[in-house]
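This is work.txt. It holds compact mmCIF, C-alpha atoms.
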```txt
# COMPACT_ATOMS: atom_id res chain seq x y z
CA MET N 1313 -19.19 2.30 4.43
CA GLN N 1314 -19.30 -1.41 5.04
CA ALA N 1315 -17.29 -2.36 1.92
CA CYS N 1316 -14.16 -0.31 2.69
CA ARG N 1317 -11.96 -2.74 4.55
CA LEU N 1318 -8.54 -4.26 4.98
CA GLN N 1319 -8.00 -7.98 5.36
CA VAL N 1320 -4.55 -8.09 6.96
CA ARG N 1321 -2.98 -11.55 7.00
CA CYS N 1322 0.23 -13.12 8.21
CA THR N 1323 1.62 -16.61 8.77
CA LEU N 1324 2.79 -17.55 12.26
CA GLN N 1325 5.22 -20.40 12.86
CA GLY N 1326 5.61 -21.88 16.33
CA ASN N 1327 3.63 -23.34 19.19
CA VAL N 1328 0.98 -20.65 19.44
CA GLU N 1329 -0.71 -20.15 22.80
CA ALA N 1330 -4.05 -18.86 21.54
CA SER N 1331 -5.03 -17.36 24.90
CA HIS N 1332 -1.79 -15.38 25.05
CA LEU N 1333 -2.23 -14.17 21.48
CA ARG N 1334 -5.77 -13.06 22.19
CA GLN N 1335 -4.63 -11.22 25.31
CA ALA N 1336 -1.78 -9.61 23.38
CA TRP N 1337 -4.32 -8.25 20.91
CA ALA N 1338 -6.49 -6.95 23.74
CA THR N 1339 -3.45 -5.20 25.22
CA VAL N 1340 -2.61 -3.45 21.96
CA VAL N 1341 -6.24 -2.50 21.27
CA ASP N 1342 -6.31 -0.85 24.70
CA GLN N 1343 -3.30 1.25 23.71
CA HIS N 1344 -4.76 2.75 20.53
CA PRO N 1345 -7.98 4.82 20.60
CA VAL N 1346 -8.51 4.31 16.88
CA LEU N 1347 -8.88 0.55 17.46
CA ARG N 1348 -11.67 1.25 19.95
CA SER N 1349 -13.49 3.73 17.73
CA SER N 1350 -16.86 3.81 16.06
CA VAL N 1351 -18.10 6.43 13.59
CA HIS N 1352 -21.58 7.95 13.54
CA TRP N 1353 -22.90 10.13 10.71
CA GLU N 1354 -26.70 9.99 10.83
CA GLY N 1355 -28.44 13.00 12.34
CA VAL N 1356 -25.24 15.05 12.73
CA LYS N 1357 -23.66 17.80 10.62
CA GLN N 1358 -20.40 15.90 10.21
CA PRO N 1359 -19.29 12.37 11.08
CA LEU N 1360 -18.28 11.85 14.70
CA GLN N 1361 -15.62 9.45 15.91
CA VAL N 1362 -16.47 7.96 19.30
CA VAL N 1363 -13.81 6.15 21.33
CA ALA N 1364 -15.02 3.47 23.73
CA ARG N 1365 -13.22 3.01 27.04
CA GLN N 1366 -13.37 -0.75 26.70
CA VAL N 1367 -14.34 -3.12 23.91
CA THR N 1368 -14.93 -6.83 23.53
CA LEU N 1369 -12.48 -8.27 21.04
CA PRO N 1370 -14.22 -10.23 18.24
CA TRP N 1371 -12.14 -13.43 18.16
CA GLN N 1372 -12.54 -16.88 16.67
CA GLU N 1373 -10.31 -19.91 16.17
CA ILE N 1374 -10.53 -22.42 13.33
CA ASP N 1375 -8.72 -25.76 13.35
CA ALA N 1376 -8.08 -26.50 9.67
CA ARG N 1377 -5.43 -29.19 10.09
CA GLY N 1378 -5.60 -31.88 7.46
CA SER N 1379 -5.24 -32.34 3.71
CA ALA N 1380 -7.82 -29.64 2.95
CA ALA N 1381 -6.21 -26.96 5.16
CA GLN N 1382 -5.46 -24.51 2.34
CA HIS N 1383 -8.91 -25.03 0.82
CA THR N 1384 -10.49 -24.35 4.22
CA LEU N 1385 -8.44 -21.15 4.56
CA GLU N 1386 -9.45 -19.92 1.10
CA ASP N 1387 -13.11 -20.64 1.83
CA PHE N 1388 -12.87 -18.70 5.07
CA LEU N 1389 -11.18 -15.72 3.42
CA THR N 1390 -13.93 -15.57 0.80
CA THR N 1391 -16.66 -15.79 3.43
CA ASP N 1392 -14.96 -13.24 5.66
CA SER N 1393 -14.62 -10.77 2.79
CA ALA N 1394 -18.36 -10.95 2.18
CA GLN N 1395 -19.33 -10.59 5.84
CA PRO N 1396 -20.46 -7.06 6.81
CA LEU N 1397 -18.18 -4.88 8.90
CA THR N 1398 -19.80 -1.79 10.36
CA LEU N 1399 -18.33 1.41 11.71
CA LEU N 1400 -21.31 1.99 13.96
CA GLN N 1401 -20.06 -0.33 16.72
CA ALA N 1402 -16.59 -0.51 18.24
CA PRO N 1403 -14.32 -2.17 17.53
CA ALA N 1404 -14.63 -2.05 13.72
CA LEU N 1405 -12.51 -5.17 13.39
CA ARG N 1406 -12.51 -8.92 13.89
CA LEU N 1407 -9.75 -11.51 14.36
CA THR N 1408 -9.48 -15.12 13.31
CA LEU N 1409 -6.68 -17.58 14.07
CA VAL N 1410 -6.64 -20.45 11.56
CA ARG N 1411 -4.52 -23.48 12.48
CA LEU N 1412 -3.14 -25.10 9.32
CA THR N 1413 -0.66 -27.56 10.87
CA ASP N 1414 0.58 -28.32 14.38
CA CYS N 1415 2.98 -25.35 14.18
CA THR N 1416 1.63 -23.21 11.31
CA TYR N 1417 -1.15 -20.66 11.72
CA GLU N 1418 -2.74 -17.96 9.60
CA LEU N 1419 -3.79 -14.84 11.48
CA VAL N 1420 -6.53 -12.86 9.71
CA TRP N 1421 -7.37 -9.37 10.91
CA THR N 1422 -10.31 -7.74 9.16
CA CYS N 1423 -10.68 -4.04 9.92
CA HIS N 1424 -12.21 -0.90 8.48
CA HIS N 1425 -9.98 1.04 6.08
CA LEU N 1426 -11.49 4.39 7.08
CA LEU N 1427 -9.71 4.05 10.42
CA LEU N 1428 -6.43 2.36 9.50
CA ASP N 1429 -3.93 2.09 6.66
CA GLY N 1430 -1.53 -0.71 5.74
CA TRP N 1431 1.43 0.91 7.52
CA SER N 1432 -0.60 1.06 10.73
CA GLY N 1433 -1.57 -2.57 10.26
CA ALA N 1434 2.08 -3.58 10.21
CA LEU N 1435 2.77 -1.47 13.32
CA VAL N 1436 -0.08 -3.13 15.21
CA ILE N 1437 1.00 -6.65 14.20
CA ASN N 1438 4.55 -5.93 15.39
CA GLN N 1439 3.24 -4.62 18.73
CA VAL N 1440 1.03 -7.69 19.14
CA LEU N 1441 4.02 -9.99 18.66
CA THR N 1442 6.01 -8.01 21.23
CA ALA N 1443 3.15 -8.22 23.75
CA TYR N 1444 2.81 -11.94 23.05
CA GLU N 1445 6.49 -12.54 23.83
CA GLN N 1446 6.13 -10.57 27.06
CA LEU N 1447 3.08 -12.57 28.10
CA ALA N 1448 4.71 -15.89 27.22
CA ASN N 1449 7.85 -14.93 29.19
CA GLY N 1450 5.86 -13.76 32.21
CA LYS N 1451 6.92 -10.13 31.75
CA LEU N 1452 3.40 -8.83 31.12
CA SER N 1453 0.53 -9.73 33.38
CA GLU N 1454 -2.74 -10.70 31.71
CA THR N 1455 -4.55 -8.42 34.15
CA ALA N 1456 -2.08 -5.52 34.06
CA PRO N 1457 -3.23 -2.30 32.40
CA ALA N 1458 -1.75 -1.60 29.00
CA THR N 1459 1.26 0.67 28.86
CA THR N 1460 0.99 3.87 26.89
CA VAL N 1461 2.51 3.89 23.43
CA GLN N 1462 4.92 6.81 23.15
CA ALA N 1463 3.81 8.21 19.82
CA PRO N 1464 1.80 11.21 18.62
CA THR N 1465 -1.92 10.69 18.41
CA HIS N 1466 -3.84 10.79 15.17
CA GLN N 1467 -5.49 13.98 16.45
CA GLN N 1468 -2.05 15.61 16.69
CA TYR N 1469 -1.39 14.56 13.11
CA VAL N 1470 -4.64 16.20 11.97
CA GLN N 1471 -3.60 19.37 13.79
CA TRP N 1472 -0.21 19.22 12.05
CA LEU N 1473 -1.93 18.90 8.67
CA ALA N 1474 -3.98 22.02 9.38
CA GLN N 1475 -0.77 24.01 9.91
CA GLN N 1476 0.72 23.21 6.49
CA ASP N 1477 1.02 25.80 3.70
CA THR N 1478 -2.03 25.21 1.53
CA SER N 1479 -1.21 28.05 -0.88
CA ALA N 1480 2.24 26.64 -1.65
CA ALA N 1481 0.79 23.19 -2.23
CA ALA N 1482 -1.92 24.61 -4.49
CA ALA N 1483 0.65 26.46 -6.59
CA PHE N 1484 2.80 23.35 -6.97
CA TRP N 1485 0.02 20.97 -7.97
CA LYS N 1486 -1.56 23.50 -10.35
CA ARG N 1487 1.78 23.88 -12.10
CA THR N 1488 2.47 20.14 -12.14
CA LEU N 1489 -0.92 19.22 -13.61
CA SER N 1490 -1.29 22.18 -15.95
CA GLY N 1491 -2.40 21.17 -19.44
CA TYR N 1492 -3.24 17.59 -18.58
CA ALA N 1493 -5.71 16.27 -21.14
CA GLY N 1494 -6.59 12.92 -19.64
CA GLN N 1495 -5.42 9.42 -20.45
CA PRO N 1496 -7.62 6.40 -21.06
CA LEU N 1497 -6.60 3.04 -19.68
CA PRO N 1498 -4.59 1.12 -22.26
CA VAL N 1499 -6.49 -2.02 -23.20
CA LEU N 1500 -4.98 -5.32 -24.35
CA PRO N 1501 -6.84 -7.99 -26.38
CA ASP N 1502 -9.05 -9.24 -23.53
CA GLN N 1503 -12.49 -7.70 -23.32
CA PRO N 1504 -13.02 -5.33 -20.37
CA THR N 1505 -15.04 -6.87 -17.58
CA SER N 1506 -17.02 -5.53 -14.67
CA GLU N 1507 -15.49 -8.17 -12.39
CA ARG N 1508 -12.02 -7.67 -10.95
CA ALA N 1509 -9.32 -10.01 -12.19
CA GLU N 1510 -5.83 -10.41 -10.78
CA ALA N 1511 -2.44 -11.89 -11.61
CA GLY N 1512 0.96 -12.02 -9.97
CA VAL N 1513 4.59 -12.76 -10.73
CA SER N 1514 7.78 -12.98 -8.66
CA LEU N 1515 11.01 -11.66 -10.15
CA GLY N 1516 13.24 -14.19 -8.42
CA GLU N 1517 16.19 -13.53 -6.12
CA THR N 1518 18.76 -13.09 -8.92
CA LEU N 1519 16.81 -10.38 -10.75
CA SER N 1520 15.81 -8.76 -7.44
CA GLU N 1521 19.48 -8.50 -6.42
CA LYS N 1522 20.32 -6.87 -9.76
CA VAL N 1523 17.61 -4.31 -9.01
CA GLN N 1524 19.36 -3.44 -5.74
CA GLU N 1525 22.69 -3.17 -7.56
CA LEU N 1526 21.19 -0.71 -10.05
CA LEU N 1527 19.68 1.39 -7.27
CA ARG N 1528 22.95 1.50 -5.33
CA SER N 1529 25.09 2.24 -8.38
CA HIS N 1530 22.98 5.13 -9.66
CA HIS N 1531 21.53 6.50 -6.39
CA LEU N 1532 17.96 5.75 -7.36
CA THR N 1533 15.12 4.85 -5.01
CA PHE N 1534 13.01 1.75 -5.42
CA ASN N 1535 9.93 3.97 -5.72
CA THR N 1536 11.45 5.87 -8.65
CA LEU N 1537 12.29 2.66 -10.50
CA MET N 1538 8.78 1.25 -10.08
CA GLN N 1539 7.15 4.56 -11.05
CA GLY N 1540 9.32 4.68 -14.17
CA LEU N 1541 8.50 1.11 -15.19
CA TRP N 1542 4.77 1.65 -14.67
CA SER N 1543 4.92 4.89 -16.68
CA LEU N 1544 6.62 3.13 -19.58
CA CYS N 1545 4.23 0.18 -19.41
CA LEU N 1546 1.21 2.50 -19.52
CA TYR N 1547 2.72 4.40 -22.43
CA GLN N 1548 3.61 1.23 -24.30
CA ASN N 1549 -0.08 0.35 -24.47
CA SER N 1550 -1.50 3.79 -25.17
CA ASP N 1551 -0.96 6.62 -27.62
CA GLN N 1552 0.16 9.32 -25.20
CA ALA N 1553 3.55 10.31 -23.84
CA ASP N 1554 1.91 12.34 -21.07
CA VAL N 1555 1.43 9.65 -18.44
CA LEU N 1556 -0.44 10.20 -15.20
CA PHE N 1557 -1.27 7.67 -12.49
CA GLY N 1558 -1.81 7.58 -8.75
CA ALA N 1559 0.79 6.39 -6.25
CA THR N 1560 0.21 5.71 -2.58
CA VAL N 1561 2.41 7.44 -0.03
CA SER N 1562 2.52 6.64 3.67
CA GLY N 1563 1.59 10.19 4.73
CA ARG N 1564 4.51 10.04 7.17
CA GLN N 1565 6.99 12.21 5.29
CA GLY N 1566 6.40 15.28 7.45
CA ASP N 1567 8.45 16.80 10.23
CA LEU N 1568 6.08 15.75 13.03
CA PRO N 1569 8.28 13.86 15.53
CA GLY N 1570 7.21 10.22 15.83
CA VAL N 1571 4.87 10.37 12.81
CA GLU N 1572 6.12 6.95 11.68
CA SER N 1573 4.63 5.41 14.84
CA ILE N 1574 1.09 6.77 14.56
CA VAL N 1575 -1.66 4.18 14.25
CA GLY N 1576 -4.47 5.58 12.13
CA LEU N 1577 -5.34 6.55 8.57
CA LEU N 1578 -2.43 8.62 7.21
CA ILE N 1579 -2.04 7.11 3.75
CA ASN N 1580 -2.46 9.42 0.78
CA VAL N 1581 -2.67 9.01 -2.99
CA LEU N 1582 -0.71 11.48 -5.10
CA PRO N 1583 -0.66 11.92 -8.87
CA VAL N 1584 2.58 11.03 -10.64
CA ARG N 1585 3.02 12.73 -14.02
CA ALA N 1586 5.79 11.52 -16.29
CA THR N 1587 6.71 12.82 -19.72
CA VAL N 1588 8.26 10.18 -21.96
CA VAL N 1589 11.14 11.63 -24.00
CA PRO N 1590 12.15 9.06 -26.64
CA ARG N 1591 15.73 10.23 -27.18
CA GLN N 1592 16.54 10.58 -23.49
CA SER N 1593 18.53 7.79 -21.88
CA ALA N 1594 16.55 5.60 -19.49
CA LEU N 1595 18.89 6.42 -16.61
CA ASP N 1596 18.72 10.19 -17.15
CA TRP N 1597 14.94 9.96 -17.47
CA LEU N 1598 14.66 8.05 -14.17
CA GLN N 1599 16.86 10.59 -12.40
CA THR N 1600 14.67 13.41 -13.72
CA LEU N 1601 11.60 11.57 -12.48
CA GLN N 1602 13.22 11.12 -9.09
CA ALA N 1603 14.01 14.83 -8.81
CA GLN N 1604 10.38 15.64 -9.64
CA GLN N 1605 9.16 13.27 -6.94
CA VAL N 1606 11.52 14.75 -4.36
CA GLU N 1607 9.88 18.10 -4.99
CA ALA N 1608 6.40 16.57 -4.92
CA SER N 1609 7.11 14.98 -1.54
CA GLN N 1610 7.29 18.48 -0.02
CA TYR N 1611 3.58 18.83 -0.78
CA ALA N 1612 2.47 15.28 -0.04
CA TYR N 1613 0.25 16.58 2.76
CA ALA N 1614 -2.29 17.85 0.23
CA SER N 1615 -5.37 15.65 0.05
CA GLN N 1616 -6.47 13.91 -3.11
CA SER N 1617 -9.66 16.01 -3.25
CA GLN N 1618 -7.65 19.24 -2.90
CA ILE N 1619 -5.31 18.24 -5.72
CA GLN N 1620 -8.26 17.32 -7.92
CA THR N 1621 -9.77 20.78 -7.35
CA TRP N 1622 -6.50 22.63 -7.92
CA SER N 1623 -5.85 20.73 -11.16
CA GLY N 1624 -8.95 22.20 -12.78
CA TYR N 1625 -9.44 18.87 -14.55
CA VAL N 1626 -13.05 17.74 -14.89
CA GLY N 1627 -13.39 14.04 -14.20
CA GLN N 1628 -11.18 11.49 -12.50
CA LEU N 1629 -7.53 12.52 -12.77
CA PHE N 1630 -6.19 8.99 -13.11
CA ASN N 1631 -7.55 5.48 -13.28
CA SER N 1632 -4.53 3.38 -12.40
CA LEU N 1633 -2.73 3.09 -9.07
CA LEU N 1634 0.77 2.04 -7.98
CA VAL N 1635 1.13 0.66 -4.45
CA ILE N 1636 4.53 -0.21 -2.97
CA GLU N 1637 4.07 -2.18 0.24
CA ASN N 1638 7.18 -1.02 2.04
CA TYR N 1639 5.84 -1.41 5.56
CA PRO N 1640 7.77 -1.60 8.85
CA THR N 1641 8.84 -5.18 9.56
CA PRO N 1642 9.28 -6.79 12.98
CA PRO N 1643 12.86 -6.93 14.25
CA SER N 1644 14.62 -10.22 13.66
CA ASN N 1645 14.16 -12.49 16.66
CA PRO N 1646 15.33 -16.02 15.82
CA THR N 1647 14.85 -17.10 19.44
CA GLY N 1648 11.29 -15.76 19.64
CA ARG N 1649 8.41 -18.09 20.30
CA LEU N 1650 6.68 -17.06 17.07
CA GLN N 1651 8.06 -16.31 13.62
CA LEU N 1652 6.06 -14.08 11.31
CA SER N 1653 6.09 -14.29 7.51
CA HIS N 1654 3.97 -13.43 4.45
CA LEU N 1655 2.47 -10.26 5.90
CA GLN N 1656 -0.23 -9.01 3.51
CA SER N 1657 -2.10 -5.74 3.87
CA GLY N 1658 -5.21 -6.85 1.99
CA ILE N 1659 -5.62 -3.47 0.30
CA VAL N 1660 -8.84 -3.17 -1.71
CA SER N 1661 -8.59 -0.85 -4.72
CA THR N 1662 -11.39 0.54 -6.86
CA TYR N 1663 -9.17 1.84 -9.68
CA GLY N 1664 -9.29 0.34 -13.16
CA LEU N 1665 -5.76 -1.05 -12.75
CA THR N 1666 -3.73 -1.41 -9.57
CA LEU N 1667 -0.12 -2.58 -9.44
CA VAL N 1668 1.00 -3.72 -5.98
CA VAL N 1669 4.76 -4.17 -5.55
CA LYS N 1670 6.24 -6.04 -2.61
CA PRO N 1671 9.96 -5.31 -2.21
CA GLY N 1672 12.41 -7.77 -0.70
CA ARG N 1673 14.85 -10.49 -1.66
CA ASN N 1674 12.27 -11.74 -4.15
CA ILE N 1675 10.29 -8.80 -5.50
CA HIS N 1676 6.67 -9.65 -6.21
CA LEU N 1677 4.33 -7.83 -8.60
CA HIS N 1678 0.57 -8.16 -8.25
CA LEU N 1679 -1.75 -6.62 -10.82
CA GLU N 1680 -5.51 -6.38 -10.51
CA GLY N 1681 -8.34 -4.48 -12.14
CA ASN N 1682 -11.72 -4.56 -13.83
CA CYS N 1683 -10.70 -3.19 -17.23
CA LEU N 1684 -8.62 -6.21 -18.29
CA GLY N 1685 -9.06 -9.95 -18.02
CA HIS N 1686 -6.66 -12.40 -16.42
CA THR N 1687 -4.75 -13.12 -19.65
CA ALA N 1688 -4.18 -9.43 -20.36
CA LEU N 1689 -3.04 -8.79 -16.81
CA ASN N 1690 -0.46 -11.56 -17.15
CA GLU N 1691 0.72 -10.01 -20.43
CA ARG N 1692 1.09 -6.66 -18.70
CA LEU N 1693 3.20 -8.24 -15.94
CA GLN N 1694 5.44 -9.87 -18.52
CA GLN N 1695 5.85 -6.47 -20.20
CA LEU N 1696 6.98 -5.01 -16.89
CA LYS N 1697 9.44 -7.85 -16.34
CA THR N 1698 10.83 -7.51 -19.87
CA LEU N 1699 11.24 -3.74 -19.46
CA LEU N 1700 13.03 -4.24 -16.16
CA THR N 1701 15.35 -6.93 -17.50
CA SER N 1702 16.31 -4.76 -20.48
CA LEU N 1703 16.83 -1.73 -18.25
CA LEU N 1704 19.09 -3.67 -15.88
CA THR N 1705 21.15 -4.90 -18.83
CA GLN N 1706 21.62 -1.45 -20.38
CA PRO N 1707 20.50 1.40 -18.12
CA ASN N 1708 21.93 4.03 -20.48
CA GLN N 1709 19.95 2.95 -23.54
CA ARG N 1710 17.54 5.48 -24.98
CA LEU N 1711 13.88 5.13 -24.18
CA GLU N 1712 13.04 4.63 -27.85
CA VAL N 1713 15.22 1.50 -27.75
CA LEU N 1714 13.92 0.29 -24.40
CA VAL N 1715 10.32 0.75 -25.57
CA PRO N 1716 10.30 0.65 -29.39
CA SER N 1717 6.75 1.96 -29.65
CA ILE N 1718 7.98 5.28 -28.29
CA THR N 1719 9.20 6.16 -31.81
CA ARG N 1720 5.65 7.28 -32.60
CA THR N 1721 5.21 11.01 -32.94
CA VAL N 1722 3.26 12.17 -29.92
CA PRO N 1723 2.85 15.80 -28.78
CA LEU N 1724 4.73 16.27 -25.53
CA PRO N 1725 3.18 18.49 -22.84
CA GLN N 1726 4.97 21.06 -20.78
CA VAL N 1727 5.60 19.53 -17.38
CA SER N 1728 7.07 21.44 -14.46
CA GLN N 1729 10.73 20.72 -13.81
CA PRO N 1730 12.24 20.60 -10.33
CA THR N 1731 13.59 23.88 -9.09
```
Written form, structure tokens:
Amino acid sequence: MQACRLQVRCTLQGNVEASHLRQAWATVVDQHPVLRSSVHWEGVKQPLQVVARQVTLPWQEIDARGSAAQHTLEDFLTTDSAQPLTLLQAPALRLTLVRLTDCTYELVWTCHHLLLDGWSGALVINQVLTAYEQLANGKLSETAPATTVQAPTHQQYVQWLAQQDTSAAAAFWKRTLSGYAGQPLPVLPDQPTSERAEAGVSLGETLSEKVQELLRSHHLTFNTLMQGLWSLCLYQNSDQADVLFGATVSGRQGDLPGVESIVGLLINVLPVRATVVPRQSALDWLQTLQAQQVEASQYAYASQSQIQTWSGYVGQLFNSLLVIENYPTPPSNPTGRLQLSHLQSGIVSTYGLTLVVKPGRNIHLHLEGNCLGHTALNERLQQLKTLLTSLLTQPNQRLEVLVPSITRTVPLPQVSQPT
């Protein structure tokens, strides 16, 4: 349980008052029971979450100003990643403020992933910045008790989950995954390695704007486009048209009022199954995929273990993961004392391949895994970029033109269509 962690990072610009920032964190930690929790599993029938009334905030400051500032930060991040983080003592987190220049800081928040997800991390960071502004402006006393956050508790979310229709979800996922025969990871020339490699590429503002134009013109979601591209990329390097991979969802799609404001572990991973139809136009295929995902979102409350059981498939359902980091961002405040940028969730994945997509004015793709080396990962990213560029140029072209290798004869499975 010590290895499952998030290393949330962000850059702060401004004249940071470290004491105010530390107090802002303490204020927010007081507001959220999950941030004051420990978990105990030895000697009990099931793990118990214990919430402390008060905790001491693990906090350190590093002055890394100078020519080696970035090197010092990278060394710290490596050391911090290797340092144990236990759930047995609250809080299961630690904070470090690294000063890179007179007005540039890196805030590193290491916390346990069994208690929080990336969405919650963004919520907490936003609340910390708000509390900091209040402290700096004299509107929040350093000794005043924390105000209560008006949002459902994680316990209420668990209760909501228990009320959902399990039989309907089971029927849907059984139908969706019926006949799935498994898909190996497509391997490029590099030799597989036990160590994780990673690579990244930015699409640039011009290409990113064209993406938005495509989405607006054809009423597609960003998620659908990325799921489609990843499906085609996986198919392009394998011999199967029946593509299945995992995709993270926020777990906040339900009808529980205020669910988007809950701080806790709500994230879920759902299977995405796409059937590649060579003679179908890329645009029609994407719209079909989107309709399927709209239906799947109605049953996104089902857990990954439940779906695995319902599928009847023996073994791991999928070995690649798509993550779209579309987290809540702080409201624009050009007159604020601090400006936040480069928020990173620090998600740690154990899948063979994980594609992390960061939307925005300059879309960024990050690919990591232990089945391909660095060179192969870069090739895969270039494949994605080439597919996207071709799709943006001619969205109505047939899939067999967009991905020439699709002309191979491959048995197509029966996949449930949206009702």
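Minimum distance to Thr1416 of chain N across N:Asp1387, N:Ser1349, N:Ala1338, N:Val1328 (counting all atoms listed in the file) occurs at N:Val1328.
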Quick one: pull the distance between atom CA of Gly1658 of chain N and atom CA of Ala1559 of chain N, Å, one decimal.
16.7 Å
Within 10 Å of Gly1430 of chain N, counting all atoms listed in the file, which residues qualify if same-chain residues fewer than 5 places away don't, as a ChimeraX atom specification?
/N:1318-1320,1425,1435-1436,1562,1575-1579,1637-1640,1656-1659
Atom pair atom CA of Ser1350 of chain N / atom CA of Val1363 of chain N: separation (Å):
6.5 Å
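One finds atom CA of Val1584 of chain N at 16.1 Å from atom CA of Thr1621 of chain N.
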Give one line per residue of segment 1513-1542 of chain N that approaches segment 1591-1602 of chain N to at most 9 Å, naming the two atoms of the closest pair and their distance in Å to one decimal, counting all atoms listed in the file; sort by chain then ascending residue number and deliver it as a Markdown table.
```
| residue | atom | partner | partner_atom | distance |
| --- | --- | --- | --- | --- |
| N:His1530 | CA | N:Leu1595 | CA | 8.2 |
| N:His1531 | CA | N:Gln1599 | CA | 8.6 |
| N:Leu1532 | CA | N:Gln1599 | CA | 7.1 |
| N:Thr1533 | CA | N:Gln1602 | CA | 7.7 |
| N:Asn1535 | CA | N:Gln1602 | CA | 8.6 |
| N:Thr1536 | CA | N:Gln1602 | CA | 5.6 |
| N:Leu1537 | CA | N:Leu1598 | CA | 6.9 |
| N:Gln1539 | CA | N:Leu1601 | CA | 8.4 |
| N:Gly1540 | CA | N:Leu1598 | CA | 6.3 |
```
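Residues surrounding Ile1636 of chain N within 10 Å are Phe1534, Asn1535, Met1538, Gln1539, Ala1559, Thr1560, Val1561, Ser1562, Leu1667, Val1668, Val1669, Lys1670, Pro1671 and Leu1677 of chain N [all atoms listed in the file; sequence separation below 6 positions excluded].
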Need the neighbours of (-4.0, -9.1, -11.6): which residues are at most 12 Å away, counting only C-alpha atoms, as number ranges by chain?
N: 1507-1513, 1661, 1664-1669, 1676-1694
Neighbours of segment 1520-1523 of chain N within 9 Å (all atoms listed in the file; same-chain residues fewer than 4 positions away dropped), as a list in words?
Leu1515, Gly1516, Leu1527, Arg1528, Phe1534, Leu1537, Pro1671, Gly1672, Arg1673, Asn1674, Ile1675, Leu1700 and Leu1704 of chain N
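Of the listed residues (N:Ala1376, N:Leu1699, N:Ala1474, N:Leu1426), N:Leu1426 comes nearest to Leu1397 of chain N; the distances count only C-alpha atoms.
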Given all atoms listed in the file, how would the per-residue table for segment 1313-1349 of chain N near segment 1406-1415 of chain N read, listing every residue at most 6 Å away with its closest atom pair and distance in Å to one decimal, sorted by chain and number, as CSV?
```
residue,atom,partner,partner_atom,distance
N:Gln1325,CA,N:Cys1415,CA,5.6
N:Gly1326,CA,N:Cys1415,CA,4.9
N:Asn1327,CA,N:Cys1415,CA,5.4
```
